[in-house]
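Asker: Shown below is the structure under consideration.
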There are 2 protein chains.
Amino acid sequence: MQKTGQPTINDVARIASVSKKTVSRVINRSPLLNDDTRKRVEDVIAELGYIPNPQARALALRRNFLIGLVHDNPNAQTVLNVQQGMLEALHGSEFEMVVRPLDRGSATMLEDLRHFLERQRLFGVLLMPPVSENDSVARLCDAIGCRYVRMGSAVIDDNDHMVASNDREAVRIATEYLIAQGHRRIGLVAGPHGFRSARERRLGFEDALGAAGIALPRSMIADGNYTFESGLAAAERLLDLMPRPTAIFSSNDEMAAGIIHAARQRGLDIPRDLSIVGFDDTPIAAHVWPPLTTVRWPIASMARSAALKLIAGADDGSDLVEEPSLFLSTLIRRGSVAPPLDAETA
Amino acid sequence: MQKTGQPTINDVARIASVSKKTVSRVINRSPLLNDDTRKRVEDVIAELGYIPNPQARALALRRNFLIGLVHDNPNAQTVLNVQQGMLEALHGSEFEMVVRPLDRGSATMLEDLRHFLERQRLFGVLLMPPVSENDSVARLCDAIGCRYVRMGSAVIDDNDHMVASNDREAVRIATEYLIAQGHRRIGLVAGPHGFRSARERRLGFEDALGAAGIALPRSMIADGNYTFESGLAAAERLLDLMPRPTAIFSSNDEMAAGIIHAARQRGLDIPRDLSIVGFDDTPIAAHVWPPLTTVRWPIASMARSAALKLIAGADDGSDLVEEPSLFLSTLIRRGSVAPPLDAETA
DNA sequence: TTGTACGCGTTATCAC
DNA sequence: GTGATAACGCGTACAA
């Protein structure tokens, strides 16, 4: 025992009457080991409660036992869901989660990330959208030799490096639901330019309208940036239209909450005068009034899967099951959708 | 240069024609150093872009350059605000943030934390409520030799180990505001037992009512656990009362959102039929309808200050300004409070 | 003021 | 199969 109180590999080696290297082999599950020696060493390890020192391992392996969460996502709830999914995957493993926000739009963003990765020698990083959509970031990770998995709303990398949801299809289905309710004048509050999720969701919306033969004038699309305020502003524009849309699809829940606000300020009743569908299914969706019909984005499960991909093969070796790479979003029907008052027969 | 591409302390020493130790002294700002040598070494460091390897330092110093966020807080937005405050403080420093959720109520919670701290050798930890209120946790940190700062709603430790808000006073002021509006039948939705914040806020509520000579029957207090659902359930009980309270103070915003929901389900208009005041000022407060009058809890600033306390003296040495330990919460007046309809003259 | 030798706890090399 | 011995990159006695 050292003065720190923690037993070291030397203690184990001495007591088990073997060399350090043999202990190391036991720890790292080297296949070429006599079963007797292995057993003896394992017993001593258990008896001493020995745990390998992560700092020393990091130095020797030139690699830390940390998984990074790299993101520049403005949505608090989304970030937290991802964290929870990651933590769940990492729980009980030797890995810890370190969070690293990135300053989107900063010219030195890539340099900052490089410094971070080179210095910390992370085992791997989980890339959240929208930075995950940046190919140069992925290439940087590759070049540095840091494992990575990208999360996103469309498949833009191979299975080992990607966990995606099918936003386009999910929004198409949600929009078809609106159409099936009788809506024909349907507005879209889109997400910010440059976000793949925004693009995919918009495409799904257009797919559904196109398939139903419904025209989509440019005025029916209002841009937002995933914030409550932008949703409110977008709704103002949409609700000024004559005739007014009878339904709005919002590219995320937070903007949908803004839309509800705007509608209420005009004395519009939801869903009687206006139907709304959101995307994400964050807690806010269930807590606004009326409860929001929305698309459930399984972002926590995706993050969990991504983290497992990251550490696959690194631990017990017990998990050889392939983690899923594509997740399906489902429509959650609550109280914010009803048939339009002026149901036209198309 | 090593094969890794990163220059090491040896490279610097060799090129600057000094010993490793001298370079080490420059890095660690040892006072006893010839200015010439220092300058020469600093030049080489800049030229090479040398950055000390954190893993090697961690091993030698038996201490990592990581700050832990230890929490068992159920409120997502609160956790995220704290993270943002921490990150802000850590930005540009050599420290990274690792997040460690704790399983409250778990019998092995303390053991889990001990393992975590002993293994990772964190530089320090930020303790969030409610686990921060647990004295054995603080003693554990002390025993292990890990710096810590506790966040909370009351001062329960010395300045170096505590950043607190004055919830009791803030709630007293908020309640006085309600009383000044003419309310006499005021309900309280309390926080969960065992949370110091819940206790302080309740005490502040009782202080105000007592000072105004208003009786507080037990039926006017409903317990919640800081969740939306619990707020909704508590409101059900309060609104069943005859006569009904004309105002409710909610111990946090999320429960206040639940109260709004319950009121709306009964066709009650806010603030006409019922005034509501919340606590926290999370985004939800501004996004519900009507916008919630609430107490702004400066949790992000508190976390920032706590993190700075943690790393004080560890970095440049440039910051010798004492970080504040007590933060004041302020009342934010929005749309959820109005005088009662049946304004009695007390 | 500066340098030498060694320790931190682990993994890797290459013998046996 | 197993064991000396040398990395890994930095900090600290102690000496000079």
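Every chain in the structure tokens has a letter given in the order shown (A, B, ...), and although residue numbers restart at 1 in each chain, ligands are simply numbered from 1 in the order shown.
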What does chain B look like after a least-squares fit onto chain A on every Cα paired in order, written as an mmCIF file with C-alpha atoms, in the first residue's frame?
Answerer:
```cif
data_model
loop_
_atom_site.group_PDB
_atom_site.id
_atom_site.type_symbol
_atom_site.label_atom_id
_atom_site.label_comp_id
_atom_site.auth_asym_id
_atom_site.auth_seq_id
_atom_site.Cartn_x
_atom_site.Cartn_y
_atom_site.Cartn_z
ATOM 1 C CA MET B 1 0.295 -0.030 -0.191
ATOM 2 C CA GLN B 2 1.461 3.466 -0.955
ATOM 3 C CA LYS B 3 0.980 6.470 1.247
ATOM 4 C CA THR B 4 -2.088 7.352 -0.733
ATOM 5 C CA GLY B 5 -3.819 4.341 0.694
ATOM 6 C CA GLN B 6 -4.642 2.912 -2.702
ATOM 7 C CA PRO B 7 -3.081 -0.421 -3.571
ATOM 8 C CA THR B 8 -1.069 -0.402 -6.794
ATOM 9 C CA ILE B 9 -0.282 -2.995 -9.361
ATOM 10 C CA ASN B 10 2.979 -3.623 -7.530
ATOM 11 C CA ASP B 11 1.184 -4.555 -4.344
ATOM 12 C CA VAL B 12 -0.921 -7.031 -6.226
ATOM 13 C CA ALA B 13 2.088 -8.491 -8.000
ATOM 14 C CA ARG B 14 4.067 -8.842 -4.802
ATOM 15 C CA ILE B 15 1.290 -10.468 -2.809
ATOM 16 C CA ALA B 16 0.315 -12.779 -5.636
ATOM 17 C CA SER B 17 3.982 -13.608 -6.212
ATOM 18 C CA VAL B 18 3.866 -12.730 -9.890
ATOM 19 C CA SER B 19 5.234 -9.911 -11.975
ATOM 20 C CA LYS B 20 3.529 -6.640 -12.718
ATOM 21 C CA LYS B 21 3.109 -7.698 -16.263
ATOM 22 C CA THR B 22 1.085 -10.711 -15.288
ATOM 23 C CA VAL B 23 -1.230 -8.552 -13.259
ATOM 24 C CA SER B 24 -1.472 -6.240 -16.197
ATOM 25 C CA ARG B 25 -2.439 -9.189 -18.356
ATOM 26 C CA VAL B 26 -5.183 -10.166 -15.985
ATOM 27 C CA ILE B 27 -6.559 -6.644 -15.991
ATOM 28 C CA ASN B 28 -6.485 -6.398 -19.731
ATOM 29 C CA ARG B 29 -7.896 -9.866 -20.210
ATOM 30 C CA SER B 30 -5.014 -11.248 -22.141
ATOM 31 C CA PRO B 31 -6.043 -14.668 -23.507
ATOM 32 C CA LEU B 32 -2.670 -16.327 -22.974
ATOM 33 C CA LEU B 33 -2.679 -16.829 -19.258
ATOM 34 C CA ASN B 34 -2.628 -19.881 -17.100
ATOM 35 C CA ASP B 35 -5.975 -20.248 -15.386
ATOM 36 C CA ASP B 36 -4.316 -20.885 -12.060
ATOM 37 C CA THR B 37 -2.273 -17.727 -12.142
ATOM 38 C CA ARG B 38 -5.220 -15.748 -13.326
ATOM 39 C CA LYS B 39 -7.324 -17.030 -10.485
ATOM 40 C CA ARG B 40 -4.629 -16.296 -7.933
ATOM 41 C CA VAL B 41 -4.154 -12.767 -9.187
ATOM 42 C CA GLU B 42 -7.873 -12.156 -9.350
ATOM 43 C CA ASP B 43 -8.215 -13.262 -5.752
ATOM 44 C CA VAL B 44 -5.561 -10.848 -4.608
ATOM 45 C CA ILE B 45 -7.158 -8.052 -6.626
ATOM 46 C CA ALA B 46 -10.494 -8.721 -4.991
ATOM 47 C CA GLU B 47 -8.940 -8.993 -1.552
ATOM 48 C CA LEU B 48 -7.055 -5.738 -1.862
ATOM 49 C CA GLY B 49 -9.862 -3.970 -3.619
ATOM 50 C CA TYR B 50 -7.321 -2.962 -6.191
ATOM 51 C CA ILE B 51 -8.434 -0.631 -8.948
ATOM 52 C CA PRO B 52 -6.052 0.390 -11.723
ATOM 53 C CA ASN B 53 -5.090 4.036 -11.551
ATOM 54 C CA PRO B 54 -6.731 5.802 -14.496
ATOM 55 C CA GLN B 55 -4.117 8.560 -14.609
ATOM 56 C CA ALA B 56 -1.251 6.114 -14.981
ATOM 57 C CA ARG B 57 -3.107 4.159 -17.603
ATOM 58 C CA ALA B 58 -3.909 7.342 -19.462
ATOM 59 C CA LEU B 59 -0.247 8.255 -19.531
ATOM 60 C CA ALA B 60 0.958 4.860 -20.646
ATOM 61 C CA LEU B 61 -1.774 4.348 -23.222
ATOM 62 C CA ARG B 62 -1.696 7.963 -24.397
ATOM 63 C CA ARG B 63 -5.438 7.866 -24.102
ATOM 64 C CA ASN B 64 -7.793 8.962 -21.402
ATOM 65 C CA PHE B 65 -10.808 7.101 -20.133
ATOM 66 C CA LEU B 66 -13.068 9.979 -20.821
ATOM 67 C CA ILE B 67 -15.888 10.327 -23.298
ATOM 68 C CA GLY B 68 -16.531 13.835 -24.486
ATOM 69 C CA LEU B 69 -19.858 15.362 -25.283
ATOM 70 C CA VAL B 70 -19.160 17.987 -27.903
ATOM 71 C CA HIS B 71 -22.044 20.213 -28.796
ATOM 72 C CA ASP B 72 -23.173 23.625 -29.895
ATOM 73 C CA ASN B 73 -26.841 22.935 -29.514
ATOM 74 C CA PRO B 74 -28.941 25.829 -28.281
ATOM 75 C CA ASN B 75 -31.670 23.653 -26.830
ATOM 76 C CA ALA B 76 -31.156 22.966 -23.145
ATOM 77 C CA GLN B 77 -33.558 20.100 -22.889
ATOM 78 C CA THR B 78 -32.059 18.350 -25.876
ATOM 79 C CA VAL B 79 -28.567 18.611 -24.452
ATOM 80 C CA LEU B 80 -29.735 17.246 -21.150
ATOM 81 C CA ASN B 81 -31.534 14.323 -22.720
ATOM 82 C CA VAL B 82 -28.372 13.443 -24.561
ATOM 83 C CA GLN B 83 -26.357 13.653 -21.377
ATOM 84 C CA GLN B 84 -28.746 11.340 -19.628
ATOM 85 C CA GLY B 85 -28.575 8.817 -22.422
ATOM 86 C CA MET B 86 -24.791 8.938 -22.416
ATOM 87 C CA LEU B 87 -24.533 8.657 -18.684
ATOM 88 C CA GLU B 88 -26.788 5.664 -18.756
ATOM 89 C CA ALA B 89 -24.503 3.945 -21.223
ATOM 90 C CA LEU B 90 -21.383 4.887 -19.295
ATOM 91 C CA HIS B 91 -22.777 3.924 -15.912
ATOM 92 C CA GLY B 92 -20.830 1.118 -14.337
ATOM 93 C CA SER B 93 -18.055 1.395 -16.894
ATOM 94 C CA GLU B 94 -14.648 2.889 -16.333
ATOM 95 C CA PHE B 95 -15.555 5.909 -18.424
ATOM 96 C CA GLU B 96 -16.595 9.343 -17.313
ATOM 97 C CA MET B 97 -18.348 12.039 -19.286
ATOM 98 C CA VAL B 98 -16.771 15.422 -19.901
ATOM 99 C CA VAL B 99 -18.904 18.096 -21.465
ATOM 100 C CA ARG B 100 -17.475 20.487 -23.980
ATOM 101 C CA PRO B 101 -19.683 23.184 -25.464
ATOM 102 C CA LEU B 102 -18.494 24.718 -28.705
ATOM 103 C CA ASP B 103 -18.969 28.263 -29.840
ATOM 104 C CA ARG B 104 -20.794 27.901 -33.091
ATOM 105 C CA GLY B 105 -19.906 30.524 -35.599
ATOM 106 C CA SER B 106 -16.598 31.168 -33.943
ATOM 107 C CA ALA B 107 -13.814 31.211 -36.485
ATOM 108 C CA THR B 108 -11.533 29.296 -34.131
ATOM 109 C CA MET B 109 -14.092 26.607 -33.384
ATOM 110 C CA LEU B 110 -12.174 23.895 -35.160
ATOM 111 C CA GLU B 111 -8.886 24.954 -33.586
ATOM 112 C CA ASP B 112 -10.464 24.991 -30.143
ATOM 113 C CA LEU B 113 -11.745 21.494 -30.664
ATOM 114 C CA ARG B 114 -8.366 20.286 -31.913
ATOM 115 C CA HIS B 115 -6.625 21.694 -28.847
ATOM 116 C CA PHE B 116 -9.180 20.094 -26.605
ATOM 117 C CA LEU B 117 -8.881 16.689 -28.232
ATOM 118 C CA GLU B 118 -5.106 16.735 -28.466
ATOM 119 C CA ARG B 119 -4.646 17.811 -24.898
ATOM 120 C CA GLN B 120 -7.213 15.660 -23.188
ATOM 121 C CA ARG B 121 -6.599 12.593 -25.322
ATOM 122 C CA LEU B 122 -10.211 11.536 -25.029
ATOM 123 C CA PHE B 123 -11.165 7.971 -25.657
ATOM 124 C CA GLY B 124 -13.953 9.177 -27.875
ATOM 125 C CA VAL B 125 -16.413 11.945 -28.478
ATOM 126 C CA LEU B 126 -20.109 12.127 -29.062
ATOM 127 C CA LEU B 127 -20.929 14.812 -31.592
ATOM 128 C CA MET B 128 -24.313 16.449 -31.222
ATOM 129 C CA PRO B 129 -26.091 18.347 -33.951
ATOM 130 C CA PRO B 130 -25.558 20.755 -35.470
ATOM 131 C CA VAL B 131 -21.784 20.480 -35.076
ATOM 132 C CA SER B 132 -22.070 16.764 -35.821
ATOM 133 C CA GLU B 133 -23.110 17.669 -39.358
ATOM 134 C CA ASN B 134 -19.782 19.334 -39.975
ATOM 135 C CA ASP B 135 -17.594 16.954 -41.937
ATOM 136 C CA SER B 136 -14.371 18.736 -41.104
ATOM 137 C CA VAL B 137 -15.019 18.013 -37.447
ATOM 138 C CA ALA B 138 -15.328 14.325 -38.175
ATOM 139 C CA ARG B 139 -12.156 14.411 -40.256
ATOM 140 C CA LEU B 140 -10.388 16.185 -37.431
ATOM 141 C CA CYS B 141 -11.321 13.430 -34.998
ATOM 142 C CA ASP B 142 -10.084 10.866 -37.453
ATOM 143 C CA ALA B 143 -6.811 12.667 -37.984
ATOM 144 C CA ILE B 144 -6.181 12.978 -34.270
ATOM 145 C CA GLY B 145 -7.097 9.373 -33.687
ATOM 146 C CA CYS B 146 -10.080 10.053 -31.487
ATOM 147 C CA ARG B 147 -13.087 7.822 -31.891
ATOM 148 C CA TYR B 148 -16.306 9.613 -32.636
ATOM 149 C CA VAL B 149 -19.972 9.018 -33.216
ATOM 150 C CA ARG B 150 -22.187 11.610 -34.807
ATOM 151 C CA MET B 151 -25.824 12.130 -33.936
ATOM 152 C CA GLY B 152 -28.125 13.580 -36.494
ATOM 153 C CA SER B 153 -31.365 13.672 -38.397
ATOM 154 C CA ALA B 154 -30.068 11.919 -41.467
ATOM 155 C CA VAL B 155 -27.461 9.287 -42.228
ATOM 156 C CA ILE B 156 -24.282 11.115 -43.199
ATOM 157 C CA ASP B 157 -21.668 8.621 -42.070
ATOM 158 C CA ASP B 158 -21.203 4.878 -41.740
ATOM 159 C CA ASN B 159 -22.731 2.738 -39.040
ATOM 160 C CA ASP B 160 -19.756 2.921 -36.720
ATOM 161 C CA HIS B 161 -19.770 6.681 -36.711
ATOM 162 C CA MET B 162 -23.422 7.556 -36.890
ATOM 163 C CA VAL B 163 -26.654 7.327 -34.988
ATOM 164 C CA ALA B 164 -29.510 8.899 -36.861
ATOM 165 C CA SER B 165 -33.230 9.469 -36.716
ATOM 166 C CA ASN B 166 -35.540 9.573 -39.709
ATOM 167 C CA ASP B 167 -36.900 13.057 -39.254
ATOM 168 C CA ARG B 168 -38.049 13.392 -42.826
ATOM 169 C CA GLU B 169 -40.310 10.384 -42.683
ATOM 170 C CA ALA B 170 -41.561 11.205 -39.211
ATOM 171 C CA VAL B 171 -42.589 14.691 -40.248
ATOM 172 C CA ARG B 172 -44.204 13.358 -43.394
ATOM 173 C CA ILE B 173 -46.351 11.077 -41.287
ATOM 174 C CA ALA B 174 -47.201 13.864 -38.868
ATOM 175 C CA THR B 175 -48.201 16.139 -41.715
ATOM 176 C CA GLU B 176 -50.285 13.399 -43.290
ATOM 177 C CA TYR B 177 -52.116 13.178 -39.988
ATOM 178 C CA LEU B 178 -52.920 16.862 -40.211
ATOM 179 C CA ILE B 179 -54.130 16.397 -43.770
ATOM 180 C CA ALA B 180 -56.234 13.412 -42.762
ATOM 181 C CA GLN B 181 -57.925 15.633 -40.207
ATOM 182 C CA GLY B 182 -59.094 17.802 -43.053
ATOM 183 C CA HIS B 183 -56.518 20.573 -43.003
ATOM 184 C CA ARG B 184 -55.522 22.111 -46.319
ATOM 185 C CA ARG B 185 -53.983 25.427 -45.300
ATOM 186 C CA ILE B 186 -51.050 24.224 -43.269
ATOM 187 C CA GLY B 187 -48.183 26.477 -42.251
ATOM 188 C CA LEU B 188 -44.640 25.462 -41.473
ATOM 189 C CA VAL B 189 -42.358 27.025 -38.925
ATOM 190 C CA ALA B 190 -38.981 25.890 -40.122
ATOM 191 C CA GLY B 191 -35.763 25.458 -38.173
ATOM 192 C CA PRO B 192 -32.625 27.505 -38.684
ATOM 193 C CA HIS B 193 -30.703 27.409 -41.943
ATOM 194 C CA GLY B 194 -27.679 25.185 -41.798
ATOM 195 C CA PHE B 195 -29.293 22.655 -39.491
ATOM 196 C CA ARG B 196 -29.748 19.332 -41.169
ATOM 197 C CA SER B 197 -32.667 18.579 -38.874
ATOM 198 C CA ALA B 198 -34.397 21.717 -40.095
ATOM 199 C CA ARG B 199 -33.877 20.663 -43.668
ATOM 200 C CA GLU B 200 -35.089 17.078 -43.162
ATOM 201 C CA ARG B 201 -38.174 18.169 -41.304
ATOM 202 C CA ARG B 202 -39.022 20.684 -43.949
ATOM 203 C CA LEU B 203 -38.568 18.079 -46.650
ATOM 204 C CA GLY B 204 -40.888 15.703 -44.848
ATOM 205 C CA PHE B 205 -43.468 18.456 -44.630
ATOM 206 C CA GLU B 206 -43.167 19.198 -48.320
ATOM 207 C CA ASP B 207 -43.306 15.500 -49.184
ATOM 208 C CA ALA B 208 -46.641 15.102 -47.480
ATOM 209 C CA LEU B 209 -48.191 18.190 -48.998
ATOM 210 C CA GLY B 210 -46.891 17.301 -52.439
ATOM 211 C CA ALA B 211 -48.243 13.761 -52.228
ATOM 212 C CA ALA B 212 -51.636 15.123 -51.236
ATOM 213 C CA GLY B 213 -51.593 17.594 -54.072
ATOM 214 C CA ILE B 214 -51.683 20.586 -51.754
ATOM 215 C CA ALA B 215 -49.942 23.718 -52.966
ATOM 216 C CA LEU B 216 -47.375 25.241 -50.643
ATOM 217 C CA PRO B 217 -47.013 28.972 -51.226
ATOM 218 C CA ARG B 218 -43.809 30.480 -49.897
ATOM 219 C CA SER B 219 -45.841 32.597 -47.502
ATOM 220 C CA MET B 220 -46.884 29.462 -45.642
ATOM 221 C CA ILE B 221 -43.314 28.875 -44.535
ATOM 222 C CA ALA B 222 -41.874 30.994 -41.727
ATOM 223 C CA ASP B 223 -38.328 30.684 -40.542
ATOM 224 C CA GLY B 224 -37.452 30.155 -36.932
ATOM 225 C CA ASN B 225 -34.330 29.237 -35.025
ATOM 226 C CA TYR B 226 -35.680 26.662 -32.582
ATOM 227 C CA THR B 227 -36.298 29.191 -29.811
ATOM 228 C CA PHE B 228 -39.576 30.124 -28.184
ATOM 229 C CA GLU B 229 -39.268 33.718 -29.311
ATOM 230 C CA SER B 230 -38.605 32.790 -32.904
ATOM 231 C CA GLY B 231 -41.652 30.537 -32.858
ATOM 232 C CA LEU B 232 -43.743 33.374 -31.558
ATOM 233 C CA ALA B 233 -42.482 35.728 -34.247
ATOM 234 C CA ALA B 234 -42.989 33.159 -36.991
ATOM 235 C CA ALA B 235 -46.536 32.534 -35.826
ATOM 236 C CA GLU B 236 -47.259 36.259 -35.986
ATOM 237 C CA ARG B 237 -46.397 36.235 -39.662
ATOM 238 C CA LEU B 238 -48.366 33.074 -40.385
ATOM 239 C CA LEU B 239 -51.447 34.213 -38.495
ATOM 240 C CA ASP B 240 -51.470 37.515 -40.337
ATOM 241 C CA LEU B 241 -52.162 35.643 -43.549
ATOM 242 C CA MET B 242 -55.581 35.895 -45.172
ATOM 243 C CA PRO B 243 -56.981 33.357 -45.138
ATOM 244 C CA ARG B 244 -55.225 32.120 -42.045
ATOM 245 C CA PRO B 245 -53.724 28.639 -41.907
ATOM 246 C CA THR B 246 -55.855 26.205 -39.932
ATOM 247 C CA ALA B 247 -52.846 24.220 -38.806
ATOM 248 C CA ILE B 248 -49.151 24.759 -38.263
ATOM 249 C CA PHE B 249 -46.356 22.259 -38.098
ATOM 250 C CA SER B 250 -43.532 23.499 -35.912
ATOM 251 C CA SER B 251 -40.055 22.066 -36.403
ATOM 252 C CA ASN B 252 -39.603 21.791 -32.660
ATOM 253 C CA ASP B 253 -41.599 21.974 -29.433
ATOM 254 C CA GLU B 254 -40.106 25.133 -28.072
ATOM 255 C CA MET B 255 -41.196 27.073 -31.136
ATOM 256 C CA ALA B 256 -44.579 25.375 -30.877
ATOM 257 C CA ALA B 257 -44.891 26.830 -27.398
ATOM 258 C CA GLY B 258 -44.213 30.224 -28.914
ATOM 259 C CA ILE B 259 -46.895 29.615 -31.511
ATOM 260 C CA ILE B 260 -49.383 28.757 -28.797
ATOM 261 C CA HIS B 261 -48.500 32.008 -27.105
ATOM 262 C CA ALA B 262 -49.034 34.003 -30.272
ATOM 263 C CA ALA B 263 -52.344 32.290 -30.946
ATOM 264 C CA ARG B 264 -53.568 32.943 -27.448
ATOM 265 C CA GLN B 265 -52.645 36.613 -27.661
ATOM 266 C CA ARG B 266 -54.974 36.852 -30.630
ATOM 267 C CA GLY B 267 -57.745 35.108 -28.800
ATOM 268 C CA LEU B 268 -57.467 32.021 -30.949
ATOM 269 C CA ASP B 269 -58.525 28.761 -29.375
ATOM 270 C CA ILE B 270 -56.344 25.729 -29.796
ATOM 271 C CA PRO B 271 -57.183 23.343 -31.334
ATOM 272 C CA ARG B 272 -60.534 24.793 -32.445
ATOM 273 C CA ASP B 273 -59.165 27.708 -34.435
ATOM 274 C CA LEU B 274 -55.678 26.408 -34.960
ATOM 275 C CA SER B 275 -54.108 22.968 -34.831
ATOM 276 C CA ILE B 276 -50.454 22.642 -33.924
ATOM 277 C CA VAL B 277 -47.973 19.778 -34.187
ATOM 278 C CA GLY B 278 -44.501 19.995 -32.716
ATOM 279 C CA PHE B 279 -41.330 17.964 -32.791
ATOM 280 C CA ASP B 280 -39.118 16.577 -29.999
ATOM 281 C CA ASP B 281 -41.567 15.686 -27.257
ATOM 282 C CA THR B 282 -39.632 17.520 -24.591
ATOM 283 C CA PRO B 283 -41.387 18.012 -21.238
ATOM 284 C CA ILE B 284 -42.662 21.360 -22.415
ATOM 285 C CA ALA B 285 -44.877 19.573 -24.929
ATOM 286 C CA ALA B 286 -46.894 17.866 -22.213
ATOM 287 C CA HIS B 287 -46.933 20.926 -20.005
ATOM 288 C CA VAL B 288 -48.297 23.599 -22.268
ATOM 289 C CA TRP B 289 -52.013 24.080 -22.692
ATOM 290 C CA PRO B 290 -53.403 22.290 -24.508
ATOM 291 C CA PRO B 291 -50.910 19.429 -24.362
ATOM 292 C CA LEU B 292 -49.046 19.360 -27.627
ATOM 293 C CA THR B 293 -49.381 16.731 -30.291
ATOM 294 C CA THR B 294 -45.814 16.165 -31.321
ATOM 295 C CA VAL B 295 -43.260 13.826 -32.817
ATOM 296 C CA ARG B 296 -41.242 11.980 -30.210
ATOM 297 C CA TRP B 297 -37.553 12.246 -31.007
ATOM 298 C CA PRO B 298 -35.750 9.447 -29.161
ATOM 299 C CA ILE B 299 -32.644 11.506 -28.620
ATOM 300 C CA ALA B 300 -31.746 9.975 -25.259
ATOM 301 C CA SER B 301 -31.871 6.468 -26.693
ATOM 302 C CA MET B 302 -29.829 7.629 -29.612
ATOM 303 C CA ALA B 303 -27.204 9.090 -27.302
ATOM 304 C CA ARG B 304 -27.151 5.912 -25.265
ATOM 305 C CA SER B 305 -26.580 3.874 -28.368
ATOM 306 C CA ALA B 306 -23.934 6.275 -29.598
ATOM 307 C CA ALA B 307 -22.038 6.075 -26.331
ATOM 308 C CA LEU B 308 -22.185 2.286 -26.424
ATOM 309 C CA LYS B 309 -20.779 2.323 -29.927
ATOM 310 C CA LEU B 310 -17.981 4.507 -28.669
ATOM 311 C CA ILE B 311 -16.920 2.191 -25.898
ATOM 312 C CA ALA B 312 -17.736 -1.036 -27.707
ATOM 313 C CA GLY B 313 -14.951 -3.555 -27.397
ATOM 314 C CA ALA B 314 -13.205 -1.405 -24.826
ATOM 315 C CA ASP B 315 -14.768 -2.947 -21.760
ATOM 316 C CA ASP B 316 -15.730 -6.431 -20.682
ATOM 317 C CA GLY B 317 -16.033 -7.521 -24.232
ATOM 318 C CA SER B 318 -19.361 -8.815 -23.049
ATOM 319 C CA ASP B 319 -21.312 -6.688 -25.439
ATOM 320 C CA LEU B 320 -20.926 -7.865 -28.938
ATOM 321 C CA VAL B 321 -24.438 -6.934 -29.898
ATOM 322 C CA GLU B 322 -24.455 -4.322 -32.590
ATOM 323 C CA GLU B 323 -25.975 -1.054 -31.445
ATOM 324 C CA PRO B 324 -28.772 0.273 -33.650
ATOM 325 C CA SER B 325 -27.901 3.181 -35.904
ATOM 326 C CA LEU B 326 -31.305 4.301 -37.054
ATOM 327 C CA PHE B 327 -34.080 5.340 -34.731
ATOM 328 C CA LEU B 328 -37.697 5.867 -35.564
ATOM 329 C CA SER B 329 -39.612 8.864 -34.350
ATOM 330 C CA THR B 330 -43.248 8.380 -33.525
ATOM 331 C CA LEU B 331 -46.258 10.666 -33.471
ATOM 332 C CA ILE B 332 -47.660 11.396 -30.012
ATOM 333 C CA ARG B 333 -51.275 12.522 -30.214
ATOM 334 C CA ARG B 334 -52.352 14.918 -27.532
ATOM 335 C CA GLY B 335 -54.712 17.845 -27.479
ATOM 336 C CA SER B 336 -53.462 20.392 -29.952
ATOM 337 C CA VAL B 337 -54.966 18.972 -33.124
ATOM 338 C CA ALA B 338 -58.589 18.927 -34.270
ATOM 339 C CA PRO B 339 -60.341 19.084 -37.642
ATOM 340 C CA PRO B 340 -60.559 22.608 -39.057
ATOM 341 C CA LEU B 341 -63.747 24.588 -38.547
ATOM 342 C CA ASP B 342 -64.128 25.394 -42.215
ATOM 343 C CA ALA B 343 -63.396 21.860 -43.376
ATOM 344 C CA GLU B 344 -63.358 22.160 -47.117
ATOM 345 C CA THR B 345 -64.001 19.127 -49.229
ATOM 346 C CA ALA B 346 -60.872 18.891 -51.236
#
```
Asker: Using DSSP on the backbone coordinates, identify the residues of segment 48-220 of chain B assigned to strand (DSSP E or B); present them as an NGL selection string.
Answerer: :B and (66-71 or 96-101 or 124-127 or 147-152 or 162-165 or 186-190)
Asker: With a distance threshold of 7 Å and counting only C-alpha atoms (C1' of nucleotides), extract the residues of chain D near chain A and express them as a ChimeraX atom specification.
Answerer: /D:1,3,8
Asker: Write down as number ranges by chain the residues of segment 184-326 of chain B whose backbone DSSP state falls under helix (DSSP H, G or I).
Answerer: B: 196-211, 218-220, 228-240, 253-265, 283-287, 299-311
Asker: Specify as a list in words all residues of chain C found within 12 Å of chain A, counting only C-alpha atoms (C1' of nucleotides).
Answerer: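 Selected residues: DG7, DC8, DG9, DT10, DT11, DA12 and DT13 of chain C.
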Asker: Residues near DA15 of chain D, anyone? I mean within 12 Å using only C-alpha atoms (C1' of nucleotides), not counting same-chain ones fewer than 5 positions away, as a ChimeraX atom specification.
Answerer: /C:2-5
